[in-house]
Amino acid sequence: MLRPVWLPFLGALLCGIIYGAASGFGLPFVINKIFPKIFSSEGIEVEISNWQLMLYVSWLPIAFLIRGVSGYFNSYLINFCGVRVLEKLRLKVFAKLQRLPLAFFRKNQSGDLLSRVMTDAWQLQQAILNISNDLIKQPVTFFGALAALVYMALEKEGLAFVLLCLLVIPVCVFPMRYIGTKILNRAMRMQERAGGLTSVLNENFSATTEVRSFNLEERETGRFGTASREFFSARMKVIKYIHLLTPVIEVITAIGVSIAIYRAARGGISLEVVVPVIMALYMSYEPVKKLGLIHNQIKQALASLDRLEYILLEPETTNDSENPKKIDQFQGKITFENVSFEYEKGDERPALSNIDLTIEPDEVVALIGPSGAGKTTLADLLPRFHDPTDGRVTLDGIDLRELKLKDLRNAVALVPQHPFLFDATVRENVELGQAERSSATVEEVCALAHANEFIENFEQGYDEPLGEEGSRLSGGQLQRLALARAFLKNAPILVLDEATSALDSENEEKIQEAMTNLVKGKTTLLIAHRFSSLKLATRILVMDKGRIVADGSHDELYRDCELYRNLHKAQEAIN
Ligand code: ADP
Ligand code: MG
């Protein structure tokens with residue numbers, strides 16, 4: 001992860017070392033060397049001139065200047081690296097999410113995923129920043145201070161005792177370890193709660209209409225309040241332990257310092273000797289405290305990393321096979337060979353069971369059946385939104401799993417039951433269907449889908465922005481744009497999943513007329529919601545409870561299939 005930022009990272013490393021040396025060794029050393037020269041024990045200053053005095057005192061600001069400048073660049077460069085690394089990580093997670101199978105998104109709430117990509121990545125970044133900020137500076141400071149202490153101790157023999165004071169440092173390790181382990185699982189729970197909070201928020205934003213029409217405002221506020229409280233209490237548990245460490249270590253080190261002072265007073269050691277020692281002691285305790293905090297942050301970061309890895313390590317089940325067959329031109333013959341599919345292992349009734357079906361190129365096959373029969377599931381197997389649990393689906397005799405996924409999806413134009421439009425202009429939304437084989441223009445396909453009338457009424461026509469999720473369109477308008485998008489794709493296989501359900505019969509009929517030309521030479525699967533949309537079909541399949549129960553023309557089915565007759569009668573009763 002650090003590879004693309006190695007240069008600034010190296011710079012940061014260097015600055016960190018300078019900083020550590022300046023503060024750990026430099027400051028006590030300067031005080032040790034300069035103070036005795038200025039306040040010599042004879043108390044006579046005639047020996048040093050004003051210039052010399054100025055030179056001596058200026059050592060202090062110089063040491064701080066070096067420490068300040070290198071500290072600044074260390075922090076700046078480290079932050080640069082951290083932000084960069086986070087950006088890469090987030091992008092990696094996002095790209096991974098694009099490739100994961102649909103089932104993953106059914107299993108995980110989008111709010112939780114949102115929180116992982118945003119909050120956990122952010123947590124991780126904060127931790128990386130803080131950790132790397134101190135990871136170089138503090139140890140160098142520590143060893144610098146240690147070196148200064150040893151130097152002073154060797155120079156003035158009486159000071160050997162100060163090394164004794166350093167013995168408190170290993171004692172600090174015990175609270176550090178104890179608190180660190182506490183933090184890990186508390187942080188994990190806190191991030192889960194953060195996910196819960198985002199989930200409630202996300203769901204609420206998607207249900208603005210329902211909240212108002214069913215008077216759910218108070219229920220929703222209550223739900224958010226509960227999630228928010230849970231997050232609060234989980235967060236406080238983390239905070240409790242994170243901030244426990246500093247005072248504990250400070251008390252321990254204060255004891256060390258006071259021992260040093262006691263020994264100094266008893267040993268008759270003068271002030272100018274004691275001051276640099278205390279300075280060096282302080283400079284060596286401080287890193288220990290900081291390293292303890294780092295320890296805590298690593299624990300917290302590990303919790304976040306765990307949650308990101310949950311996404312990063314999820315297997316991509318709809319991957320390309322190792323040696324995908326490359327096919328440029330599909331004929332469009334589809335077969336289902338004894339295909340079964342269940343959404344969850346051990347479902348009482350699989351969504352599809354033992355489907356055997358052959359669709360020839362050039363056929364327009366309609367699927368009809370009560371809702372929940374498995375029509376959408378069947379259609380979703382074609383672009384490999386799911387893979388069959390049993391059996392196989394082939395295209396031109398090749399198992400779909402052996403095809404290159406990109407080629408397969410290029411060959412299928414699917415209009416889903418609930419199409420989605422992006423927050424972009426009409427033209428941009430339709431152009432998503434643009435493919436190499438598109439021969440028509442956006443205007444032409446929109447005319448085919450009878451969308452041109454309402455588009456031309458827009459103030460900006462084809463350049464009209466559609467709002468989030470196409471919120472500025474009616475259901476019928478949305479479907480017509482989705483159709484236009486699929487028409488533009490001009491793929492050899494066309495799948496329409498109740499794609500005209502929100503249209504009035506008149507518009508539907510017009511679109512069907514337009515489509516008679518369009519479906520020529522293509523394999524078409526048409527999931528019908530009403531019988532009037534069966535006109536195009538050359539063959540009708542009746543589905544019920546995950547099985548195909550009848551197959552034939554309208555007249556045959558009307559004669560032989562009771563379910564078909566019932567469905568037909570039920571609809572006539574409505575009309
Ligand atoms: P249809 O399109 O014919 O109305 P579907 O194919 O959508 O029916 O659903 C077939 C069956 O699979 C139903 O029993 C439905 O409850 C179930 N099902 C659909 N989608 C899912 C899903 N994502 N997870 C679990 N079960 C599902
Ligand atoms: Mg359906």
# chains A, B, ... in the order shown; residues from 1 in each chain; ligands from 1

call {"tool": "residues_near_ligand", "arguments": {"ligand": "ligand 1", "cutoff": "7 Å", "atoms": "only C-alpha atoms and all ligand atoms", "output": "JSON, numbers by chain"}}
result
{"A": [103, 106, 343, 344, 351, 369, 370, 371, 372, 373, 374, 375, 376, 377, 378, 546]}

call {"tool": "select_by_dssp", "arguments": {"residues": "range 429-573 of chain A", "states": "alpha helix (DSSP H)", "output": "PyMOL selection string"}}
result
chain A and resi 429-431+442-448+452-457+475-489+505-518+554-560+562-573

call {"tool": "atom_distance", "arguments": {"atom1": "CA of Leu405 in chain A", "atom2": "CA of Leu100 in chain A"}}
result
12.8 Å

call {"tool": "residues_around", "arguments": {"residues": "range 239-255 of chain A", "least_positions_apart": "5", "cutoff": "7 Å", "atoms": "only C-alpha atoms", "output": "ChimeraX atom specification"}}
result
/A:168,172,176,179,183,285,289,296

call {"tool": "residues_around", "arguments": {"residues": "range 380-389 of chain A", "least_positions_apart": "2", "cutoff": "8 Å", "atoms": "only C-alpha atoms", "output": "VMD selection string"}}
result
chain A and resid 101 to 103 318 339 to 342 376 to 378 391 to 393 400 408 to 409 412

call {"tool": "closest_residue", "arguments": {"among": "A:Pro36, A:Gly68, A:Pro4, A:Pro416", "to": "ligand 2", "atoms": "only C-alpha atoms and all ligand atoms"}}
result
A:Pro416

call {"tool": "residues_around", "arguments": {"residues": "Phe454 in chain A", "least_positions_apart": "5", "cutoff": "12 Å", "atoms": "only C-alpha atoms", "output": "number ranges by chain"}}
result
A: 426, 446-447, 449, 459-462, 464, 473-474, 476-478, 480-481

call {"tool": "atom_distance", "arguments": {"atom1": "CA of Ile359 in chain A", "atom2": "CA of Leu534 in chain A"}}
result
16.5 Å

call {"tool": "residues_around", "arguments": {"residues": "Ala366 in chain A", "least_positions_apart": "6", "cutoff": "12 Å", "atoms": "only C-alpha atoms", "output": "ChimeraX atom specification"}}
result
/A:359,375,379,494-498,523-543,548,550-554

call {"tool": "write_last_selection", "arguments": {"atoms": "C-alpha atoms", "output": "mmCIF file, in the first residue's frame"}}
result
data_model
loop_
_atom_site.group_PDB
_atom_site.id
_atom_site.type_symbol
_atom_site.label_atom_id
_atom_site.label_comp_id
_atom_site.auth_asym_id
_atom_site.auth_seq_id
_atom_site.Cartn_x
_atom_site.Cartn_y
_atom_site.Cartn_z
ATOM 1 C CA ILE A 359 -35.230 -21.478 -26.549
ATOM 2 C CA LYS A 375 -39.978 -15.805 -13.356
ATOM 3 C CA ALA A 379 -34.435 -14.495 -16.149
ATOM 4 C CA LEU A 494 -33.458 -9.455 -25.010
ATOM 5 C CA VAL A 495 -35.031 -10.012 -21.596
ATOM 6 C CA LEU A 496 -37.981 -7.899 -20.532
ATOM 7 C CA ASP A 497 -39.087 -8.453 -16.934
ATOM 8 C CA GLU A 498 -42.543 -6.917 -16.696
ATOM 9 C CA THR A 523 -33.872 -14.409 -28.752
ATOM 10 C CA THR A 524 -36.479 -12.715 -26.612
ATOM 11 C CA LEU A 525 -37.695 -13.625 -23.153
ATOM 12 C CA LEU A 526 -40.727 -11.655 -22.182
ATOM 13 C CA ILE A 527 -42.049 -11.861 -18.649
ATOM 14 C CA ALA A 528 -45.653 -10.804 -18.908
ATOM 15 C CA HIS A 529 -47.755 -9.191 -16.231
ATOM 16 C CA ARG A 530 -50.908 -9.111 -18.300
ATOM 17 C CA PHE A 531 -52.222 -11.074 -21.186
ATOM 18 C CA SER A 532 -52.263 -8.174 -23.591
ATOM 19 C CA SER A 533 -48.487 -8.148 -23.553
ATOM 20 C CA LEU A 534 -48.395 -11.695 -24.899
ATOM 21 C CA LYS A 535 -49.187 -10.622 -28.450
ATOM 22 C CA LEU A 536 -45.569 -10.651 -29.535
ATOM 23 C CA ALA A 537 -44.932 -14.115 -28.147
ATOM 24 C CA THR A 538 -44.515 -17.096 -30.449
ATOM 25 C CA ARG A 539 -44.632 -19.423 -27.463
ATOM 26 C CA ILE A 540 -45.888 -19.150 -23.911
ATOM 27 C CA LEU A 541 -44.511 -20.827 -20.778
ATOM 28 C CA VAL A 542 -46.598 -21.039 -17.634
ATOM 29 C CA MET A 543 -44.640 -21.065 -14.394
ATOM 30 C CA ILE A 548 -42.624 -24.778 -15.790
ATOM 31 C CA ALA A 550 -47.131 -25.739 -19.360
ATOM 32 C CA ASP A 551 -45.623 -24.743 -22.692
ATOM 33 C CA GLY A 552 -47.438 -23.887 -25.914
ATOM 34 C CA SER A 553 -49.480 -21.342 -27.814
ATOM 35 C CA HIS A 554 -52.307 -19.337 -26.295
#

call {"tool": "residues_around", "arguments": {"residues": "Ala194 in chain A", "least_positions_apart": "3", "cutoff": "8 Å", "atoms": "only C-alpha atoms", "output": "list in words"}}
result
Asp112, Ser115, Thr119, Met190, Gln191, Leu197, Thr198 and Phe231 of chain A

call {"tool": "atom_distance", "arguments": {"atom1": "CA of Pro8 in chain A", "atom2": "CA of Leu77 in chain A"}}
result
5.7 Å

call {"tool": "closest_residue", "arguments": {"among": "A:Cys81, A:Ile38, A:Ile334, A:Val415", "to": "ligand 2", "atoms": "only C-alpha atoms and all ligand atoms"}}
result
A:Val415

call {"tool": "closest_residue", "arguments": {"among": "A:Ala413, A:Leu563, A:Ile368, A:Ala21", "to": "ligand 2", "atoms": "only C-alpha atoms and all ligand atoms"}}
result
A:Ile368

call {"tool": "select_by_dssp", "arguments": {"residues": "range 170-409 of chain A", "states": "strand (DSSP E)", "output": "ChimeraX atom specification"}}
result
/A:334-341,352-359,364-368,390-395,398-399

call {"tool": "closest_residue", "arguments": {"among": "A:Arg547, A:Met283, A:Ser270, A:Ser501", "to": "ligand 2", "atoms": "only C-alpha atoms and all ligand atoms"}}
result
A:Ser501

call {"tool": "closest_residue", "arguments": {"among": "A:Ala486, A:His418, A:Leu403, A:Glu431", "to": "ligand 2", "atoms": "only C-alpha atoms and all ligand atoms"}}
result
A:His418
